[in-house]
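Quick look at work10.cif (mmCIF, C-alpha atoms):
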```cif
data_start
#
loop_
_atom_site.label_atom_id
_atom_site.label_comp_id
_atom_site.auth_asym_id
_atom_site.auth_seq_id
_atom_site.Cartn_x
_atom_site.Cartn_y
_atom_site.Cartn_z
CA MET R 1423 71.09 92.20 126.35
CA THR R 1424 73.21 94.07 123.80
CA VAL R 1425 73.56 92.93 120.19
CA GLU R 1426 77.21 92.13 120.88
CA SER R 1427 76.31 89.92 123.85
CA ALA R 1428 73.64 88.15 121.81
CA LEU R 1429 76.16 87.36 119.06
CA ARG R 1430 78.69 86.02 121.53
CA GLY R 1431 76.07 83.74 123.08
CA ALA R 1432 74.48 82.50 119.85
CA ALA R 1433 75.04 79.05 118.42
CA PRO R 1434 77.48 79.23 115.45
CA HIS R 1435 74.80 78.43 112.85
CA LEU R 1436 72.29 80.84 114.44
CA LEU R 1437 74.31 84.05 114.39
CA LEU R 1438 72.02 85.79 111.94
CA ASP R 1439 68.85 84.60 113.69
CA SER R 1440 70.16 86.09 116.93
CA LEU R 1441 71.21 89.25 115.14
CA ARG R 1442 67.80 89.69 113.53
CA THR R 1443 66.04 89.42 116.90
CA SER R 1444 68.38 91.83 118.61
CA LEU R 1445 68.27 94.43 115.82
CA ALA R 1446 64.46 94.29 115.80
CA GLN R 1447 64.34 94.84 119.54
CA GLN R 1448 66.95 97.56 119.84
CA TYR R 1449 66.74 99.38 116.49
CA ALA R 1450 63.21 98.50 115.33
CA ALA R 1451 64.78 96.84 112.26
CA SER R 1452 62.19 95.17 110.06
CA CYS R 1453 64.72 93.04 108.18
CA SER R 1454 68.43 92.19 108.30
CA ASP R 1455 70.51 90.32 105.76
CA LEU R 1456 74.13 89.24 105.75
CA LEU R 1457 75.76 89.06 102.31
CA LEU R 1458 79.05 87.17 102.08
CA ILE R 1459 81.55 87.55 99.26
CA ASP R 1460 81.91 84.43 97.11
CA TYR R 1461 85.25 82.70 96.59
CA GLY R 1462 85.67 84.23 93.15
CA PHE R 1463 85.04 87.79 94.41
CA THR R 1464 82.22 88.21 91.90
CA SER R 1465 79.03 88.38 93.99
CA LEU R 1466 77.66 88.98 97.48
CA ARG R 1467 75.51 86.05 98.57
CA PRO R 1468 72.88 86.05 101.33
CA VAL R 1469 73.17 83.76 104.34
CA ARG R 1470 69.94 81.84 104.84
CA PRO R 1471 69.52 81.19 108.58
CA VAL R 1472 66.78 79.08 110.10
CA GLN R 1473 64.26 81.90 110.56
CA ALA R 1474 65.06 83.74 107.32
CA PRO R 1475 62.19 85.20 105.33
CA ALA R 1476 62.64 85.87 101.63
CA GLY R 1477 65.20 88.67 101.61
CA VAL R 1478 67.98 90.06 99.49
CA ARG R 1479 69.19 87.93 96.59
CA HIS R 1480 72.83 87.66 95.65
CA VAL R 1481 74.15 90.82 94.00
CA PRO R 1482 77.19 91.49 91.77
CA VAL R 1483 80.09 92.90 93.71
CA ASP R 1484 80.76 95.59 91.11
CA THR R 1485 77.29 97.20 91.19
CA GLY R 1486 74.58 98.40 93.58
CA PRO R 1487 74.70 99.83 97.11
CA ALA R 1488 75.95 96.62 98.71
CA GLY R 1489 78.73 96.27 96.15
CA ARG R 1490 79.67 99.90 96.66
CA VAL R 1491 79.94 99.38 100.43
CA PHE R 1492 82.05 96.27 99.93
CA ARG R 1493 84.41 98.10 97.57
CA THR R 1494 84.70 101.39 99.49
CA GLN R 1495 84.38 99.94 103.00
CA GLN R 1496 82.17 102.91 103.90
CA PRO R 1497 78.60 102.60 105.29
CA TYR R 1498 75.74 103.61 103.02
CA LEU R 1499 72.36 105.05 104.11
CA PHE R 1500 69.54 105.20 101.58
CA ARG R 1501 66.19 106.90 102.17
CA ASP R 1502 63.26 107.05 99.78
CA ASP R 1503 59.57 107.83 100.16
CA GLY R 1504 58.79 104.34 101.41
CA PRO R 1505 58.28 103.09 104.98
CA THR R 1506 61.89 102.05 105.52
CA ALA R 1507 65.45 103.29 105.17
CA THR R 1508 68.26 100.96 104.12
CA VAL R 1509 71.65 100.85 105.84
CA CYS R 1510 74.51 98.84 104.31
CA LEU R 1511 77.62 98.25 106.43
CA PRO R 1512 80.95 96.53 105.67
CA VAL R 1513 81.68 93.32 107.59
CA THR R 1514 85.46 93.23 107.78
CA VAL R 1515 88.01 91.68 110.17
CA ARG R 1516 91.50 93.19 110.29
CA GLY R 1517 91.28 94.23 106.66
CA ASP R 1518 89.82 90.93 105.42
CA ARG R 1519 86.53 91.78 103.67
CA LEU R 1520 83.91 89.19 104.48
CA GLY R 1521 80.75 90.84 103.20
CA VAL R 1522 78.01 93.41 103.86
CA LEU R 1523 75.28 93.71 106.51
CA VAL R 1524 72.00 95.15 105.16
CA VAL R 1525 69.50 96.52 107.72
CA LEU R 1526 66.05 98.03 107.07
CA LEU R 1527 65.04 100.69 109.63
CA PRO R 1528 62.13 103.06 110.18
CA PRO R 1529 63.08 106.41 108.61
CA ASP R 1530 63.09 108.18 111.99
CA ARG R 1531 65.65 105.70 113.33
CA ALA R 1532 68.04 106.10 110.39
CA THR R 1533 70.30 108.70 111.98
CA PRO R 1534 74.09 109.13 111.77
CA GLY R 1535 74.34 107.93 115.35
CA THR R 1536 72.43 104.76 114.51
CA VAL R 1537 74.60 104.12 111.47
CA GLU R 1538 77.72 104.50 113.61
CA SER R 1539 76.30 102.13 116.22
CA LEU R 1540 75.40 99.57 113.56
CA GLY R 1541 78.94 99.86 112.22
CA ARG R 1542 80.20 98.53 115.56
CA VAL R 1543 77.64 95.73 115.34
CA ALA R 1544 78.94 94.80 111.86
CA GLU R 1545 82.49 94.73 113.20
CA THR R 1546 81.48 92.44 116.06
CA LEU R 1547 79.59 90.25 113.59
CA GLY R 1548 82.75 89.84 111.54
CA HIS R 1549 84.71 88.55 114.54
CA ALA R 1550 81.82 86.25 115.49
CA LEU R 1551 81.80 84.82 111.95
CA ARG R 1552 85.49 84.02 112.19
CA VAL R 1553 84.90 82.01 115.37
CA ALA R 1554 81.67 80.38 114.14
CA ASP R 1555 83.35 79.29 110.89
CA ARG R 1556 85.26 76.66 112.85
CA HIS R 1557 82.03 74.98 113.96
CA THR R 1558 79.62 75.12 111.01
CA ASP R 1559 79.72 74.88 107.22
CA LEU R 1560 76.88 77.38 106.78
CA TYR R 1561 79.02 80.39 105.93
CA ARG R 1562 81.49 78.58 103.69
CA SER R 1563 78.64 76.95 101.80
CA THR R 1564 77.05 80.37 101.31
CA ARG R 1565 80.20 81.67 99.63
CA ARG R 1566 80.09 79.14 96.78
CA THR R 1567 78.60 79.84 93.40
CA ARG R 1568 79.54 76.30 92.41
CA ALA R 1569 81.29 73.30 93.93
CA LEU R 1570 84.96 73.48 94.85
CA THR R 1571 87.32 70.73 93.74
CA VAL R 1572 88.97 68.73 96.48
CA ALA R 1573 92.24 70.57 95.75
CA GLY R 1574 90.43 73.91 95.97
CA GLU R 1575 88.94 72.90 99.31
CA MET R 1576 92.40 72.04 100.60
CA GLN R 1577 93.82 75.36 99.43
CA TRP R 1578 91.08 77.47 101.05
CA ASP R 1579 91.41 75.52 104.29
CA THR R 1580 95.17 76.06 104.52
CA LEU R 1581 95.60 79.66 103.37
CA PRO R 1582 95.07 82.35 106.04
CA GLY R 1583 92.75 84.51 103.93
CA ARG R 1584 93.09 87.33 101.44
CA SER R 1585 93.99 90.32 103.61
CA CYS R 1586 95.75 91.57 106.71
CA THR R 1587 96.18 95.19 107.80
CA GLY R 1588 97.94 97.11 110.55
CA PRO R 1589 98.84 100.72 111.36
CA ALA R 1590 102.05 100.48 109.30
CA PHE R 1591 100.98 98.31 106.36
CA ASP R 1592 98.20 96.92 104.19
CA LEU R 1593 98.44 93.41 102.71
CA HIS R 1594 95.93 92.09 100.17
CA ALA R 1595 95.93 89.10 97.83
CA TYR R 1596 93.86 87.75 94.97
CA TRP R 1597 94.24 84.53 93.05
CA GLU R 1598 92.67 82.62 90.21
CA PRO R 1599 91.32 80.03 89.80
CA ALA R 1600 89.23 80.32 92.95
CA TYR R 1601 87.15 77.15 92.76
CA THR R 1602 89.84 74.71 91.71
CA SER R 1603 93.46 75.21 92.78
CA GLY R 1604 96.70 76.42 91.33
CA GLY R 1605 98.59 75.09 94.33
CA HIS R 1606 99.67 78.58 95.39
CA LEU R 1607 101.07 79.13 98.85
CA LEU R 1608 100.50 82.28 100.88
CA ASP R 1609 100.94 82.84 104.60
CA TRP R 1610 101.77 85.58 107.08
CA SER R 1611 102.26 86.24 110.77
CA VAL R 1612 102.22 89.64 112.49
CA THR R 1613 103.57 90.73 115.87
CA GLU R 1614 104.19 94.13 117.39
CA ASP R 1615 107.64 94.17 115.80
CA GLU R 1616 107.46 92.35 112.48
CA LEU R 1617 105.49 91.01 109.56
CA LEU R 1618 106.57 87.60 108.25
CA LEU R 1619 105.31 86.74 104.78
CA VAL R 1620 105.76 83.80 102.41
CA VAL R 1621 104.53 83.65 98.81
CA ALA R 1622 105.10 80.66 96.52
CA ASP R 1623 104.46 79.81 92.90
CA GLY R 1624 101.75 77.27 92.19
CA ALA R 1625 102.73 73.65 92.61
CA GLY R 1626 100.33 72.75 89.81
CA PRO R 1627 96.66 71.82 89.48
CA GLY R 1628 94.96 68.99 91.29
CA THR R 1629 95.23 67.19 94.61
CA PRO R 1630 98.91 66.12 94.32
CA ALA R 1631 99.97 69.77 93.99
CA ALA R 1632 97.70 70.78 96.86
CA LEU R 1633 99.43 68.15 99.01
CA VAL R 1634 102.83 69.66 98.15
CA SER R 1635 101.64 73.14 99.10
CA THR R 1636 100.01 71.89 102.30
CA LEU R 1637 103.20 70.11 103.39
CA ALA R 1638 105.30 73.19 102.62
CA LEU R 1639 102.93 75.55 104.42
CA ASN R 1640 102.83 73.45 107.56
CA ALA R 1641 106.61 73.06 107.54
CA ILE R 1642 107.03 76.85 107.29
CA ARG R 1643 104.54 77.42 110.11
CA ASN R 1644 106.24 74.79 112.25
CA ALA R 1645 109.62 76.45 111.78
CA ARG R 1646 108.25 79.95 112.33
CA ARG R 1647 106.38 78.98 115.51
CA ALA R 1648 109.54 77.33 116.81
CA GLY R 1649 111.25 80.72 116.56
CA LEU R 1650 113.48 79.97 113.56
CA ASP R 1651 114.56 82.85 111.34
CA LEU R 1652 113.95 83.03 107.58
CA VAL R 1653 116.93 80.82 106.77
CA GLY R 1654 115.76 78.25 109.31
CA GLN R 1655 112.22 78.33 107.90
CA ALA R 1656 113.50 77.83 104.36
CA SER R 1657 115.86 75.05 105.40
CA LEU R 1658 113.28 73.08 107.38
CA THR R 1659 110.75 73.36 104.55
CA ASP R 1660 113.40 72.35 102.02
CA GLN R 1661 114.17 69.24 104.07
CA ALA R 1662 110.49 68.35 104.50
CA LEU R 1663 109.78 68.58 100.76
CA TYR R 1664 112.94 66.76 99.73
CA GLY R 1665 112.35 64.04 102.32
CA GLN R 1666 108.88 63.39 100.93
CA TYR R 1667 109.39 63.90 97.20
CA ARG R 1668 113.17 63.45 96.69
CA GLY R 1669 113.44 66.51 94.45
CA LYS R 1670 110.47 65.68 92.19
CA SER R 1671 108.21 68.47 93.53
CA PRO R 1672 110.27 71.59 94.27
CA LEU R 1673 108.51 74.78 95.24
CA ALA R 1674 109.65 78.26 94.20
CA ALA R 1675 109.05 80.59 97.15
CA LEU R 1676 109.93 83.97 98.61
CA LEU R 1677 110.15 84.40 102.37
CA LEU R 1678 110.18 87.96 103.70
CA ARG R 1679 110.53 89.66 107.08
CA LEU R 1680 109.51 93.32 107.46
CA ASP R 1681 110.59 95.26 110.55
CA LEU R 1682 107.53 97.33 111.45
CA ALA R 1683 109.58 99.91 113.35
CA THR R 1684 112.02 100.73 110.57
CA GLY R 1685 110.87 99.28 107.25
CA GLY R 1686 114.03 97.20 107.12
CA THR R 1687 113.37 94.04 105.12
CA GLU R 1688 115.05 90.65 104.81
CA ALA R 1689 114.23 88.12 102.12
CA VAL R 1690 115.12 84.57 101.18
CA ASP R 1691 114.56 84.04 97.46
CA ALA R 1692 114.18 80.32 96.81
CA GLY R 1693 113.67 80.50 93.04
CA SER R 1694 110.81 82.78 93.89
CA PRO R 1695 107.82 84.52 92.34
CA THR R 1696 108.67 87.86 90.78
CA LEU R 1697 108.80 90.90 93.05
CA TRP R 1698 107.93 94.41 91.91
CA ARG R 1699 108.11 97.78 93.65
CA THR R 1700 106.16 100.95 92.97
CA ARG R 1701 107.73 104.09 94.40
CA GLY R 1702 106.08 107.34 93.43
CA THR R 1703 105.46 107.12 89.69
CA THR R 1704 108.12 104.45 89.06
CA THR R 1705 107.40 100.73 88.91
CA GLU R 1706 110.30 98.30 88.56
CA ARG R 1707 111.12 94.69 89.12
CA ILE R 1708 113.33 94.02 92.13
CA GLU R 1709 116.06 91.58 91.16
CA LEU R 1710 116.97 89.33 94.07
CA ASP R 1711 119.69 86.70 94.13
CA ARG R 1712 117.76 83.56 93.25
CA GLN R 1713 118.63 80.43 95.18
CA LEU R 1714 117.42 76.88 94.66
CA PRO R 1715 113.70 76.17 95.04
CA LEU R 1716 112.60 74.46 98.23
CA GLY R 1717 112.88 70.68 98.08
CA MET R 1718 114.97 70.48 94.89
CA PHE R 1719 118.15 69.09 96.48
CA GLU R 1720 119.09 67.75 99.87
CA ASP R 1721 120.59 70.13 102.46
CA THR R 1722 120.45 73.32 100.36
CA VAL R 1723 122.06 76.27 102.12
CA TYR R 1724 120.06 79.52 102.01
CA ALA R 1725 121.04 83.12 102.72
CA THR R 1726 119.06 86.28 103.34
CA GLN R 1727 119.16 89.49 101.33
CA ARG R 1728 118.28 92.92 102.66
CA LEU R 1729 115.96 95.49 101.12
CA ARG R 1730 115.08 99.04 102.02
CA LEU R 1731 111.45 100.13 102.08
CA LEU R 1732 110.44 103.78 102.30
CA PRO R 1733 107.03 105.00 103.47
CA GLY R 1734 104.67 104.97 100.49
CA ASP R 1735 106.37 102.01 98.79
CA ARG R 1736 104.25 99.23 97.33
CA LEU R 1737 105.59 95.71 96.86
CA VAL R 1738 103.74 93.40 94.45
CA PHE R 1739 104.40 89.66 94.34
CA VAL R 1740 103.32 87.81 91.18
CA ALA R 1741 103.27 84.01 91.37
CA CYS R 1742 102.37 81.79 88.42
CA ASP R 1743 101.62 78.13 87.82
CA PRO R 1744 104.29 75.43 87.42
CA GLY R 1745 104.15 75.54 83.66
CA ASP R 1746 106.83 78.17 84.12
CA PRO R 1747 110.30 76.93 85.05
CA PRO R 1748 111.37 77.93 88.57
CA HIS R 1749 114.43 79.68 87.24
CA GLY R 1750 113.65 82.36 84.69
CA GLY R 1751 112.17 81.05 81.47
CA GLU R 1752 108.57 82.02 80.93
CA ASN R 1753 108.48 84.10 84.14
CA GLU R 1754 110.72 86.66 82.44
CA ALA R 1755 108.51 86.55 79.36
CA LEU R 1756 105.68 87.80 81.58
CA ASP R 1757 107.65 90.83 82.75
CA GLY R 1758 106.22 93.08 80.03
CA PRO R 1759 102.56 92.20 80.65
CA VAL R 1760 103.05 92.42 84.42
CA ALA R 1761 104.73 95.82 84.17
CA ARG R 1762 101.89 97.14 82.02
CA ALA R 1763 99.28 95.68 84.39
CA LEU R 1764 100.97 97.29 87.39
CA ALA R 1765 101.16 100.64 85.60
CA ARG R 1766 97.42 100.48 84.81
CA THR R 1767 96.54 99.74 88.44
CA ALA R 1768 99.11 101.85 90.29
CA ARG R 1769 96.52 104.41 91.49
CA LEU R 1770 94.20 101.82 92.97
CA ASN R 1771 94.20 101.20 96.70
CA CYS R 1772 95.92 98.13 98.05
CA ALA R 1773 92.68 96.17 98.50
CA ASP R 1774 91.61 96.57 94.86
CA ALA R 1775 95.00 96.33 93.17
CA PRO R 1776 95.62 92.54 93.21
CA ARG R 1777 92.32 91.67 91.52
CA ALA R 1778 92.83 94.45 88.98
CA VAL R 1779 96.34 93.20 88.16
CA VAL R 1780 95.05 89.67 87.56
CA ARG R 1781 92.23 91.01 85.38
CA ALA R 1782 94.68 93.15 83.41
CA LEU R 1783 96.94 90.14 82.84
CA ARG R 1784 93.97 88.15 81.58
CA GLU R 1785 93.34 90.85 78.96
CA THR R 1786 96.84 90.67 77.48
CA PRO R 1787 97.13 89.23 73.95
CA ARG R 1788 99.78 86.71 74.92
CA ASP R 1789 99.07 83.54 76.86
CA VAL R 1790 98.93 84.04 80.62
CA PRO R 1791 99.30 81.09 83.01
CA ASP R 1792 96.02 79.52 84.13
CA ALA R 1793 96.86 80.04 87.80
CA VAL R 1794 98.03 83.43 89.06
CA LEU R 1795 98.46 84.80 92.59
CA VAL R 1796 99.06 88.52 93.14
CA VAL R 1797 99.92 89.90 96.57
CA CYS R 1798 100.11 93.65 97.24
CA LEU R 1799 101.93 95.05 100.28
CA ASP R 1800 101.72 98.79 100.98
CA TRP R 1801 104.22 100.13 103.51
CA HIS R 1802 102.97 103.28 105.25
CA GLY R 1803 105.78 103.69 107.74
CA PRO R 1804 106.07 103.05 111.48
CA GLY R 1805 102.76 102.87 113.32
CA ALA R 1806 101.56 105.58 115.69
CA GLY R 1807 103.58 105.71 118.85
CA ARG R 1808 106.36 103.51 117.53
CA SER R 1809 109.97 104.60 117.52
CA GLY R 1810 112.39 104.32 114.68
CA ALA R 1811 112.47 105.60 111.13
CA ALA R 1812 112.91 104.18 107.71
CA PRO R 1813 116.59 103.84 106.83
CA GLU R 1814 118.06 106.22 104.33
CA GLY R 1815 118.93 105.07 100.83
CA ASP R 1816 117.44 104.43 97.45
CA GLY R 1817 115.49 101.33 98.48
CA GLY R 1818 117.40 98.90 96.25
CA PRO R 1819 118.51 95.44 97.32
CA LEU R 1820 121.64 95.06 99.40
CA PRO R 1821 124.10 92.16 99.15
CA PRO R 1822 123.06 88.87 100.75
CA SER R 1823 123.80 88.58 104.45
CA PRO R 1824 125.51 85.42 105.65
CA SER R 1825 123.50 82.59 107.15
CA PRO R 1826 123.85 82.21 110.92
#
```
What do you get writing this file as structure tokens?
Amino acid sequence: MTVESALRGAAPHLLLDSLRTSLAQQYAASCSDLLLIDYGFTSLRPVRPVQAPAGVRHVPVDTGPAGRVFRTQQPYLFRDDGPTATVCLPVTVRGDRLGVLVVLLPPDRATPGTVESLGRVAETLGHALRVADRHTDLYRSTRRTRALTVAGEMQWDTLPGRSCTGPAFDLHAYWEPAYTSGGHLLDWSVTEDELLLVVADGAGPGTPAALVSTLALNAIRNARRAGLDLVGQASLTDQALYGQYRGKSPLAALLLRLDLATGGTEAVDAGSPTLWRTRGTTTERIELDRQLPLGMFEDTVYATQRLRLLPGDRLVFVACDPGDPPHGGENEALDGPVARALARTARLNCADAPRAVVRALRETPRDVPDAVLVVCLDWHGPGAGRSGAAPEGDGGPLPPSPSP
């Protein structure tokens, strides 16, 4: 039986036990450990399966071989004069970094071919973890350095993850706080033709705000899965929030549709988070026509606005907590710190940029909101084998298009 077959047939809570047995049989591995990234993105923490001997302890994500593999997403092979060689491999699913697989091999088995083969095993393990996560709490419990609040639990259960990648784009997010909740909303859906993305400011701390975000997210998904366009998604969500809260809990959101064949972009700005673009060496805020936040008034009419993206463009969405008014106010006061943070992190890859932006904001002398969500979208251009080209122009916003 192959390692892949063993993983597919293993009970959800016994994935690593099955993996250990298979790697010992087929690669003569003396030890295998799975390290999962914690919710705060600070450390890699070992899964302790039923048959686990004392193995690797949790390690900081910013240091050591395992941290290096997690950051670079490249396998690492280490040989010394001892009886084993160590192989560290990234465990990642469609751009979402889950952790690192650490395998100890006899030195004569630690060849480039073996490392490549183990890389495929790590990829299969990542997909198996995604499926197993629906049936056991083992892996989610492993990721915690401390207890989550109820609101934090709700947020992690509703958001799709931190990352999504495709041939034409990279999308990565990072938010703080990780173990409580700022009520932020983030969601996406990808098809062959388009990327649909929604980012919303925090609805506030605590369970009531998490309930607002959960209602909004499910309303958006319901509208999207029914085939409604951006205006329809905004309108249905607006009605759901207003019907429940009668204007007392509006949500500032930005809904975006990216055509993966052309880079053409539509957006509905419902009093949204700020949007920034880096093109070449220039970073600037993109001023959209702000409309009313979702759920503020009954039967609000929304309209889309078009943008042009060119290959190499980076869009950065910065969402803050509800201490900032949905229209302007303190959000504009953050423009300077955000611009400086983006300038400091412009050379980082898309996966590392959101966390670095949040960290840079935390280092500013002025007060920064307690809850911050940063989403980075890199547009590479049409995927291989796809037709179409990016439209000509300077990439600025176009006038709003009428609602259907």
Practice problem: Check the smallest atom-to-atom distance from each of R:Leu1570, R:Ala1641, R:Ala1692, R:Ala1632 to R:Asp1711 using only C-alpha atoms, then report the winner. | Solution: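 Distance minimum relative to R:Asp1711 lands on R:Ala1692.
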Quiz item: Where does the PyMOL selection byres ((chain R and resi 1709) around 10) land in this file, that is, which residues does it pick, as a list in words?
Solution: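 Output from the PyMOL selection byres ((chain R and resi 1709) around 10), applied to this file: Asp1691, Thr1696, Leu1697, Trp1698, Glu1706, Arg1707, Ile1708, Leu1710, Asp1711, Arg1712, Gly1818 and Pro1819 of chain R.
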May I have the selected residues written with C-alpha atoms, as a PDB file, in the coordinates of the input?
```
ATOM      1  CA  ASP R1691     114.560  84.040  97.460  1.00  0.00           C
ATOM      2  CA  THR R1696     108.670  87.860  90.780  1.00  0.00           C
ATOM      3  CA  LEU R1697     108.800  90.900  93.050  1.00  0.00           C
ATOM      4  CA  TRP R1698     107.930  94.410  91.910  1.00  0.00           C
ATOM      5  CA  GLU R1706     110.300  98.300  88.560  1.00  0.00           C
ATOM      6  CA  ARG R1707     111.120  94.690  89.120  1.00  0.00           C
ATOM      7  CA  ILE R1708     113.330  94.020  92.130  1.00  0.00           C
ATOM      8  CA  LEU R1710     116.970  89.330  94.070  1.00  0.00           C
ATOM      9  CA  ASP R1711     119.690  86.700  94.130  1.00  0.00           C
ATOM     10  CA  ARG R1712     117.760  83.560  93.250  1.00  0.00           C
ATOM     11  CA  GLY R1818     117.400  98.900  96.250  1.00  0.00           C
ATOM     12  CA  PRO R1819     118.510  95.440  97.320  1.00  0.00           C
TER      13      PRO R1819
END
```
Self-check item: Reference answer for the PyMOL selection byres ((chain R and resi 1513) around 6), as a list in words
Solution: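 Applying the expression gives Pro1512, Thr1514, Leu1520, Gly1521, Val1522, Ala1544, Glu1545 and Gly1548 of chain R.
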Practice problem: Identify which of the residues R:Ala1765, R:Val1483, R:Leu1437, R:Ala1600 lies closest to R:Tyr1461, counting only C-alpha atoms when measuring atom-to-atom distances. | Solution: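 That would be R:Ala1600, the residue with the smallest distance to R:Tyr1461.
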Practice problem: Would you list the contacts of R:Thr1424 as a ChimeraX atom specification, taking every protein, DNA or RNA residue within 8 Å and counting only C-alpha atoms, but skipping same-chain residues closer than 3 positions in sequence? | Solution: /R:1427-1428,1444
Starting from the shown file, work through the PyMOL selection byres ((chain R and resi 1504) around 12) and note down what comes out as a short mmCIF file (atom, residue, chain, number, x, y, z; two decimals) with C-alpha atoms, keeping the file's coordinate frame.
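Heads up, here's the output in part37.cif:
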```cif
data_model
loop_
_atom_site.label_atom_id
_atom_site.label_comp_id
_atom_site.auth_asym_id
_atom_site.auth_seq_id
_atom_site.Cartn_x
_atom_site.Cartn_y
_atom_site.Cartn_z
CA PHE R 1500 69.54 105.20 101.58
CA ARG R 1501 66.19 106.90 102.17
CA ASP R 1502 63.26 107.05 99.78
CA ASP R 1503 59.57 107.83 100.16
CA PRO R 1505 58.28 103.09 104.98
CA THR R 1506 61.89 102.05 105.52
CA ALA R 1507 65.45 103.29 105.17
CA THR R 1508 68.26 100.96 104.12
CA LEU R 1526 66.05 98.03 107.07
CA LEU R 1527 65.04 100.69 109.63
CA PRO R 1528 62.13 103.06 110.18
CA PRO R 1529 63.08 106.41 108.61
#
```
Quiz item: Hey, which of R:Val1543, R:Leu1731, R:Ala1662, R:Leu1716 ends up closest to R:Thr1684? Count only C-alpha atoms.
Solution: R:Leu1731
Self-check item: Pick from R:Trp1578, R:Phe1463, R:Phe1591, R:Tyr1664, whichever lies nearest to R:Phe1719 using all atoms listed in the file
Solution: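 Between R:Trp1578, R:Phe1463, R:Phe1591, R:Tyr1664, the residue approaching R:Phe1719 most closely is R:Tyr1664.
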Quiz prompt | Within 9 Å of R:Val1537 using all atoms listed in the file, minus same-chain residues under 6 positions, as a list in words | solution =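 In the requested form, the answer reads Pro1497, Tyr1498, Leu1499, Val1509, Cys1510 and Leu1511 of chain R.
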Practice problem: Name all residues at most 10 Å from R:Asn1771 (count only C-alpha atoms; drop same-chain ones fewer than 6 positions away) and give them as a PyMOL selection string. | Solution: chain R and resi 1494+1592+1594+1798+1800
Exercise. Skip R:Pro1630 itself and residues of its chain fewer than 4 positions away, then list as a list in words all residues within 10 Å of it, counting all atoms listed in the file.
Key: Ala1573, Gly1605, Ala1625, Gly1626, Val1634, Ser1635, Thr1636 and Ser1671 of chain R
Exercise. Give the answer as one residue: which of R:Ala1432, R:Leu1619, R:Val1491, R:Ala1782 has the shortest atom-to-atom distance to R:Ala1595, using all atoms listed in the file?
Key: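 Once distances to R:Ala1595 are computed over all atoms listed in the file, the minimum belongs to R:Leu1619.
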Quiz prompt | R:Glu1575, R:Glu1616, R:Asp1743, R:Asp1623 ranked by distance to R:Thr1602, top pick (using all atoms listed in the file) | solution = R:Glu1575
